[in-house]
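What follows is the content of target-v4.txt, which has compact mmCIF, C-alpha atoms and all ligand atoms:
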# COMPACT_ATOMS: atom_id res chain seq x y z
CA GLU A 1 0.00 0.00 0.00
CA SER A 2 1.12 3.54 -0.58
CA THR A 3 -0.50 5.45 2.27
CA LEU A 4 -0.67 4.91 6.02
CA GLY A 5 -4.43 4.72 6.11
CA ALA A 6 -4.70 2.21 3.27
CA ALA A 7 -1.96 0.09 4.81
CA ALA A 8 -3.70 0.06 8.20
CA ALA A 9 -7.02 -0.79 6.55
CA GLN A 10 -5.53 -4.05 5.28
CA SER A 11 -5.87 -5.37 8.82
CA GLY A 12 -9.16 -3.60 9.55
CA ARG A 13 -7.47 -0.80 11.46
CA TYR A 14 -7.09 2.92 10.92
CA PHE A 15 -4.09 5.22 10.92
CA GLY A 16 -5.23 8.58 12.20
CA VAL A 17 -4.00 12.10 12.78
CA ALA A 18 -4.80 15.03 15.03
CA ILE A 19 -6.05 17.91 12.90
CA ALA A 20 -5.85 21.59 13.83
CA GLY A 21 -8.70 23.26 12.02
CA ASN A 22 -6.87 26.52 11.43
CA ARG A 23 -4.14 24.68 9.51
CA LEU A 24 -6.51 23.20 6.92
CA SER A 25 -6.04 26.31 4.78
CA ASP A 26 -2.34 25.36 4.44
CA SER A 27 -2.35 23.31 1.25
CA THR A 28 0.77 21.28 2.11
CA TYR A 29 -0.82 20.31 5.42
CA ALA A 30 -4.24 19.55 3.98
CA THR A 31 -2.80 17.53 1.09
CA ILE A 32 -0.80 15.25 3.39
CA ALA A 33 -3.65 14.89 5.86
CA ALA A 34 -6.17 14.02 3.17
CA ARG A 35 -3.84 11.56 1.46
CA GLU A 36 -2.28 9.62 4.32
CA PHE A 37 -4.80 9.15 7.12
CA ASN A 38 -8.22 7.53 7.48
CA SER A 39 -9.13 8.73 10.97
CA VAL A 40 -9.18 12.24 12.43
CA THR A 41 -9.08 13.61 15.96
CA ALA A 42 -9.67 17.33 16.50
CA GLU A 43 -6.53 18.55 18.27
CA ASN A 44 -8.42 21.18 20.32
CA GLU A 45 -11.75 21.96 18.66
CA MET A 46 -13.97 19.44 20.46
CA LYS A 47 -12.61 20.24 23.92
CA ILE A 48 -14.79 21.74 26.63
CA ASP A 49 -13.61 25.35 26.28
CA ALA A 50 -14.16 25.26 22.52
CA THR A 51 -17.60 23.63 22.48
CA GLU A 52 -19.25 25.25 25.54
CA PRO A 53 -17.55 28.63 26.01
CA GLN A 54 -20.48 29.92 28.07
CA ARG A 55 -22.55 27.62 30.22
CA GLY A 56 -25.38 26.12 28.21
CA GLN A 57 -24.29 27.90 25.01
CA PHE A 58 -22.71 25.37 22.74
CA ASN A 59 -20.57 26.46 19.79
CA PHE A 60 -19.62 23.83 17.24
CA THR A 61 -18.19 26.15 14.58
CA ALA A 62 -14.57 25.06 14.97
CA ALA A 63 -15.42 21.46 15.79
CA ASP A 64 -17.68 21.12 12.76
CA ARG A 65 -14.98 22.54 10.51
CA VAL A 66 -12.71 19.64 11.46
CA TYR A 67 -15.56 17.11 11.50
CA ASN A 68 -16.86 18.14 8.08
CA TRP A 69 -13.40 18.14 6.53
CA ALA A 70 -12.84 14.63 7.89
CA VAL A 71 -16.12 13.24 6.60
CA GLN A 72 -15.80 14.96 3.21
CA ASN A 73 -12.40 13.32 2.89
CA GLY A 74 -13.66 9.88 3.86
CA LYS A 75 -12.24 9.63 7.34
CA GLU A 76 -13.78 8.40 10.59
CA VAL A 77 -13.67 10.69 13.61
CA ARG A 78 -12.49 10.15 17.19
CA GLY A 79 -14.17 12.58 19.57
CA HIS A 80 -11.82 14.26 22.03
CA THR A 81 -12.70 14.98 24.85
CA LEU A 82 -15.74 15.42 27.15
CA ALA A 83 -14.59 15.41 30.79
CA TRP A 84 -11.09 16.65 31.58
CA HIS A 85 -9.37 18.81 34.19
CA SER A 86 -7.65 20.89 31.49
CA GLN A 87 -8.91 23.28 28.82
CA GLN A 88 -12.07 23.93 30.80
CA PRO A 89 -13.84 27.24 30.12
CA GLY A 90 -13.62 29.78 32.92
CA TRP A 91 -17.18 29.20 34.04
CA MET A 92 -16.48 25.51 34.57
CA GLN A 93 -13.19 26.14 36.37
CA SER A 94 -15.08 28.13 38.95
CA LEU A 95 -17.71 25.45 39.62
CA SER A 96 -17.56 22.72 42.24
CA GLY A 97 -19.69 20.08 43.89
CA ASN A 98 -23.16 19.27 42.57
CA ALA A 99 -23.16 22.22 40.19
CA LEU A 100 -19.98 21.02 38.49
CA ARG A 101 -21.22 17.44 38.40
CA GLN A 102 -24.40 18.57 36.65
CA ALA A 103 -22.44 20.81 34.29
CA MET A 104 -20.27 17.84 33.31
CA ILE A 105 -23.36 15.75 32.55
CA ASP A 106 -24.97 18.60 30.61
CA HIS A 107 -21.77 19.08 28.61
CA ILE A 108 -21.61 15.40 27.70
CA ASN A 109 -25.25 15.49 26.62
CA GLY A 110 -24.84 18.68 24.60
CA VAL A 111 -21.78 17.64 22.64
CA MET A 112 -22.69 14.01 22.12
CA SER A 113 -26.19 14.92 20.97
CA HIS A 114 -24.75 17.24 18.31
CA TYR A 115 -22.65 14.38 16.93
CA LYS A 116 -25.04 11.54 17.70
CA GLY A 117 -24.37 8.54 15.44
CA LYS A 118 -21.37 10.24 13.80
CA ILE A 119 -18.41 9.50 16.06
CA ALA A 120 -16.53 6.18 16.03
CA GLN A 121 -14.95 6.62 19.46
CA TRP A 122 -15.36 9.26 22.15
CA ASP A 123 -12.70 10.02 24.73
CA VAL A 124 -15.29 10.42 27.49
CA VAL A 125 -12.78 11.00 30.28
CA ASN A 126 -9.20 12.19 29.80
CA GLU A 127 -6.22 12.05 32.18
CA ALA A 128 -7.92 11.27 35.50
CA PHE A 129 -4.94 9.58 37.18
CA ALA A 130 -1.93 11.17 38.84
CA ASP A 131 1.64 10.72 37.64
CA GLY A 132 4.22 9.11 39.87
CA SER A 133 4.09 6.13 42.18
CA SER A 134 0.83 6.82 44.07
CA GLY A 135 -1.65 5.18 41.73
CA ALA A 136 -4.08 7.84 42.93
CA ARG A 137 -6.58 9.89 41.05
CA ARG A 138 -5.35 13.27 39.87
CA ASP A 139 -6.63 16.09 42.04
CA SER A 140 -9.01 18.29 40.05
CA ASN A 141 -12.30 20.08 40.43
CA LEU A 142 -13.99 17.06 38.81
CA GLN A 143 -12.29 14.60 41.18
CA ARG A 144 -13.39 16.70 44.14
CA THR A 145 -17.04 16.17 43.12
CA GLY A 146 -16.60 12.56 44.23
CA ASN A 147 -14.70 9.47 43.11
CA ASP A 148 -17.65 8.26 41.04
CA TRP A 149 -17.38 11.14 38.55
CA ILE A 150 -15.79 8.91 35.92
CA GLU A 151 -18.50 6.27 35.93
CA VAL A 152 -21.18 8.97 35.98
CA ALA A 153 -19.58 10.44 32.85
CA PHE A 154 -19.56 7.06 31.09
CA ARG A 155 -23.19 6.31 31.96
CA ALA A 156 -24.27 9.72 30.67
CA ALA A 157 -22.24 9.18 27.51
CA ARG A 158 -23.80 5.79 26.78
CA ALA A 159 -27.27 7.26 27.11
CA ALA A 160 -26.43 10.25 24.92
CA ASP A 161 -25.05 8.24 21.97
CA PRO A 162 -25.31 4.45 22.18
CA SER A 163 -23.51 4.07 18.83
CA ALA A 164 -20.15 5.55 19.87
CA LYS A 165 -17.41 3.49 21.46
CA LEU A 166 -16.70 5.06 24.84
CA CYS A 167 -13.04 5.38 25.76
CA TYR A 168 -10.99 6.31 28.78
CA ASN A 169 -7.79 8.08 27.58
CA ASP A 170 -4.54 8.85 29.44
CA TYR A 171 -0.74 9.26 29.14
CA ASN A 172 2.13 7.57 31.00
CA VAL A 173 0.02 4.42 31.04
CA GLU A 174 1.90 2.56 28.31
CA ASN A 175 4.56 1.01 30.57
CA TRP A 176 2.98 -2.00 32.27
CA THR A 177 5.17 -1.62 35.40
CA TRP A 178 4.04 1.92 36.20
CA ALA A 179 1.67 2.59 39.10
CA LYS A 180 -0.49 4.81 36.89
CA THR A 181 -0.96 1.95 34.43
CA GLN A 182 -1.93 -0.42 37.23
CA ALA A 183 -4.40 2.08 38.65
CA MET A 184 -6.07 2.52 35.27
CA TYR A 185 -6.17 -1.26 34.85
CA ALA A 186 -7.89 -1.69 38.21
CA MET A 187 -10.48 0.94 37.27
CA VAL A 188 -11.28 -0.68 33.93
CA ARG A 189 -11.49 -4.13 35.50
CA ASP A 190 -13.86 -2.76 38.15
CA PHE A 191 -15.99 -1.00 35.51
CA LYS A 192 -16.28 -4.19 33.46
CA GLN A 193 -17.19 -6.23 36.55
CA ARG A 194 -19.88 -3.75 37.63
CA GLY A 195 -21.29 -3.07 34.19
CA VAL A 196 -20.17 0.54 33.88
CA PRO A 197 -20.30 1.18 30.11
CA ILE A 198 -16.72 1.42 28.83
CA ASP A 199 -15.66 0.11 25.42
CA CYS A 200 -12.09 1.20 24.90
CA VAL A 201 -8.92 2.54 26.45
CA GLY A 202 -6.78 5.13 24.67
CA PHE A 203 -3.04 5.19 25.27
CA GLN A 204 -1.85 8.67 24.33
CA SER A 205 1.74 7.52 23.81
CA HIS A 206 3.61 10.82 24.04
CA PHE A 207 7.03 9.21 24.31
CA ASN A 208 10.04 11.28 25.34
CA SER A 209 13.20 11.02 27.41
CA GLY A 210 11.25 11.30 30.66
CA SER A 211 8.68 8.66 29.70
CA PRO A 212 10.23 6.59 26.94
CA TYR A 213 8.68 3.77 24.95
CA ASN A 214 9.17 0.40 26.63
CA ALA A 215 8.69 -2.93 24.85
CA ASN A 216 6.25 -4.00 27.56
CA PHE A 217 3.69 -1.71 25.90
CA ARG A 218 2.50 -4.79 24.02
CA THR A 219 1.86 -6.56 27.33
CA THR A 220 -0.12 -3.53 28.49
CA LEU A 221 -2.29 -3.54 25.37
CA GLN A 222 -2.83 -7.30 25.65
CA ASN A 223 -3.76 -7.13 29.33
CA PHE A 224 -6.31 -4.37 28.82
CA ALA A 225 -7.79 -6.14 25.80
CA ALA A 226 -8.17 -9.26 27.95
CA LEU A 227 -10.48 -7.27 30.23
CA GLY A 228 -12.90 -7.03 27.31
CA VAL A 229 -12.20 -3.54 25.99
CA ASP A 230 -10.74 -2.33 22.72
CA VAL A 231 -7.47 -0.43 22.86
CA ALA A 232 -6.02 2.34 20.69
CA VAL A 233 -2.88 4.42 20.41
CA THR A 234 -4.46 7.85 20.45
CA GLU A 235 -1.87 10.67 20.44
CA LEU A 236 1.41 9.15 19.30
CA ASP A 237 4.51 11.30 19.10
CA ILE A 238 8.08 10.22 19.84
CA GLN A 239 10.87 12.62 20.75
CA GLY A 240 13.41 12.33 17.95
CA ALA A 241 11.04 10.15 15.88
CA SER A 242 13.19 7.01 16.00
CA PRO A 243 12.06 4.85 13.04
CA SER A 244 12.51 1.64 15.03
CA THR A 245 10.44 2.96 17.94
CA TYR A 246 7.66 4.06 15.61
CA ALA A 247 7.71 0.61 14.00
CA ALA A 248 7.65 -1.04 17.42
CA VAL A 249 4.52 0.87 18.44
CA VAL A 250 2.79 -0.09 15.19
CA ASN A 251 3.80 -3.72 15.65
CA ASP A 252 2.47 -3.68 19.22
CA CYS A 253 -0.93 -2.55 17.96
CA LEU A 254 -0.93 -5.07 15.12
CA ALA A 255 -0.12 -7.85 17.62
CA VAL A 256 -3.33 -7.20 19.57
CA SER A 257 -6.53 -8.08 17.75
CA ARG A 258 -8.52 -5.57 19.83
CA CYS A 259 -6.18 -2.69 18.93
CA LEU A 260 -8.35 -0.48 16.74
CA GLY A 261 -5.64 1.75 15.27
CA VAL A 262 -2.95 4.34 15.78
CA THR A 263 -3.32 8.13 15.74
CA VAL A 264 -0.30 10.46 15.48
CA TRP A 265 -0.59 13.83 17.22
CA GLY A 266 -0.06 16.08 14.20
CA VAL A 267 1.16 16.05 10.61
CA ARG A 268 4.58 17.79 10.32
CA ASP A 269 7.06 18.46 13.10
CA SER A 270 6.17 22.13 12.83
CA ASP A 271 2.52 21.26 13.59
CA SER A 272 3.40 19.43 16.81
CA TRP A 273 2.59 20.73 20.29
CA ARG A 274 6.16 19.59 21.00
CA ALA A 275 7.76 20.84 17.80
CA GLU A 276 11.16 21.12 19.50
CA HIS A 277 11.12 17.31 19.86
CA THR A 278 10.72 16.81 16.08
CA PRO A 279 8.42 13.90 17.03
CA LEU A 280 6.25 13.31 13.94
CA LEU A 281 6.35 11.58 10.55
CA PHE A 282 6.70 14.55 8.18
CA ASN A 283 9.32 17.28 7.88
CA ASN A 284 8.31 20.93 7.92
CA ASP A 285 8.48 21.04 4.11
CA GLY A 286 6.02 18.15 3.90
CA SER A 287 8.56 15.48 2.94
CA LYS A 288 8.44 12.05 4.56
CA LYS A 289 10.83 11.32 7.41
CA PRO A 290 12.53 7.93 7.94
CA ALA A 291 9.94 7.23 10.64
CA TYR A 292 7.21 7.49 7.99
CA THR A 293 8.80 4.73 5.94
CA ALA A 294 9.29 2.59 9.04
CA VAL A 295 5.61 2.93 9.93
CA LEU A 296 4.43 2.21 6.38
CA ASN A 297 6.63 -0.88 6.19
CA ALA A 298 5.41 -2.11 9.59
CA LEU A 299 1.71 -1.77 8.71
C1 LIG B 1 -2.71 19.50 23.36
C2 LIG B 1 -2.73 20.19 22.00
O1 LIG B 1 -1.92 19.46 21.11
C3 LIG B 1 -2.23 21.61 22.14
O2 LIG B 1 -2.44 22.31 20.92
C4 LIG B 1 -2.96 22.33 23.26
O3 LIG B 1 -2.38 23.59 23.45
C5 LIG B 1 -2.90 21.54 24.55
O4 LIG B 1 -3.42 20.24 24.33
N1 LIG B 1 -3.08 15.17 26.02
C6 LIG B 1 -4.28 15.37 25.37
C7 LIG B 1 -4.36 16.36 24.27
O5 LIG B 1 -5.24 14.64 25.62
O6 LIG B 1 -5.62 16.96 24.20
C8 LIG B 1 -3.29 17.41 24.39
O7 LIG B 1 -3.35 18.24 23.23
C9 LIG B 1 -1.94 16.78 24.58
C10 LIG B 1 -1.89 15.95 25.82
Take the structure in this file and express it as structure tokens.
Ligand code: XIL
Amino acid sequence: ESTLGAAAAQSGRYFGVAIAGNRLSDSTYATIAAREFNSVTAENEMKIDATEPQRGQFNFTAADRVYNWAVQNGKEVRGHTLAWHSQQPGWMQSLSGNALRQAMIDHINGVMSHYKGKIAQWDVVNEAFADGSSGARRDSNLQRTGNDWIEVAFRAARAADPSAKLCYNDYNVENWTWAKTQAMYAMVRDFKQRGVPIDCVGFQSHFNSGSPYNANFRTTLQNFAALGVDVAVTELDIQGASPSTYAAVVNDCLAVSRCLGVTVWGVRDSDSWRAEHTPLLFNNDGSKKPAYTAVLNAL
């Protein structure tokens, strides 16, 4: 195959990309994105601050721009993200307790209703666990509404759009030996045992010198899949873009039948939120990097 998306499709998977809507007017960017990928995640446009800037007043202008571009170009869409401590609008940052809990539910209903039946996977909850050795939940205004906020979010999401796969998404959960990974595993196991509606786990996979790729990522993916959820690599970027590391991540996904696909977090290095890490598959001029070839050959 000659593109990442077509190569991934040979095994029933996708190869996706994070799209920044304001870059779609850059023809180099849009040409690569349209050609290479068959799944799209909005890099920022479906986040809480973008979609509900004032309480109860939803604005899907930027989100729909990315969504419509994706659909017009034949791609499926991952929704990102509904309940998160970060990129909250000011009104939400200042809420707490029952008011915040209700606002979270209302936000899930508002956004998922707009896209009902149109989203392959939703990242319902993002980044709820703390880094480090504690295995604890991350402190946040949402966490302080009560430990059950995550399952409440998933139940609301299932009711709002029964056709979307509902994912929990996090970073620093790729290494099986890490406490954060174990804490996420225990939560998913508990949700499956109690019938909390969760369908998938997203592994962001922002690999860098502080949290490098480890070959036990495949074990992690296998162990989560064995709980009865799908898995996905949702925001892949690798500091330095080692071709062999990119190939290893792809091979880890391909080794797990419940791995749905891989999404890279941007097109060219200059599009990356960590541009100084040159972590992506395309150079700033749009040419393919060695990591691109490694990924294509691995798929
Ligand atoms: C990042 C975007 O790439 C940046 O443009 C933005 O300024 C901050 O958020 N984990 C996530 C993503 O789930 O939403 C984040 O995206 C990167 C880390």
Report task. For A:Phe217, work out the shell of residues within 9 Å, counting all atoms listed in the file and skipping chain neighbours fewer than 5 positions away, then give it as a VMD selection string. Result -> chain A and resid 173 to 176 222 249 252
Query raised in the report: Can I get the residues close to ligand LIG 1 (chain B) as number ranges by chain, where close means within 10 Å and we count all atoms listed in the file?
Result: A: 18-20, 41-47, 80-81, 84, 86-87, 123, 125-127, 169-171, 202-206, 234-236, 265-266, 271-274
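Using only C-alpha atoms, the residues found no farther than 9 Å from A:Gln239, other than those of its own chain fewer than 6 positions away, are His206, Phe207, Asn208, Ser209, Pro212, Arg274, Glu276, His277, Thr278, Pro279 and Leu280 of chain A.
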Sphere at (-10.3, 9.9, 10.4), radius 8 Å, counting only C-alpha atoms: residues as an mmCIF file with C-alpha atoms, in the coordinates of the input:
data_model
loop_
_atom_site.group_PDB
_atom_site.id
_atom_site.type_symbol
_atom_site.label_atom_id
_atom_site.label_comp_id
_atom_site.auth_asym_id
_atom_site.auth_seq_id
_atom_site.Cartn_x
_atom_site.Cartn_y
_atom_site.Cartn_z
ATOM 1 C CA TYR A 14 -7.090 2.920 10.920
ATOM 2 C CA PHE A 15 -4.090 5.220 10.920
ATOM 3 C CA GLY A 16 -5.230 8.580 12.200
ATOM 4 C CA VAL A 17 -4.000 12.100 12.780
ATOM 5 C CA PHE A 37 -4.800 9.150 7.120
ATOM 6 C CA ASN A 38 -8.220 7.530 7.480
ATOM 7 C CA SER A 39 -9.130 8.730 10.970
ATOM 8 C CA VAL A 40 -9.180 12.240 12.430
ATOM 9 C CA THR A 41 -9.080 13.610 15.960
ATOM 10 C CA ALA A 70 -12.840 14.630 7.890
ATOM 11 C CA VAL A 71 -16.120 13.240 6.600
ATOM 12 C CA GLY A 74 -13.660 9.880 3.860
ATOM 13 C CA LYS A 75 -12.240 9.630 7.340
ATOM 14 C CA GLU A 76 -13.780 8.400 10.590
ATOM 15 C CA VAL A 77 -13.670 10.690 13.610
ATOM 16 C CA ARG A 78 -12.490 10.150 17.190
#
Query raised in the report: Which value, in Å to one decimal, gives the distance between atom CA of A:Asp106 and atom CA of A:Lys192?
Result: 24.6 Å
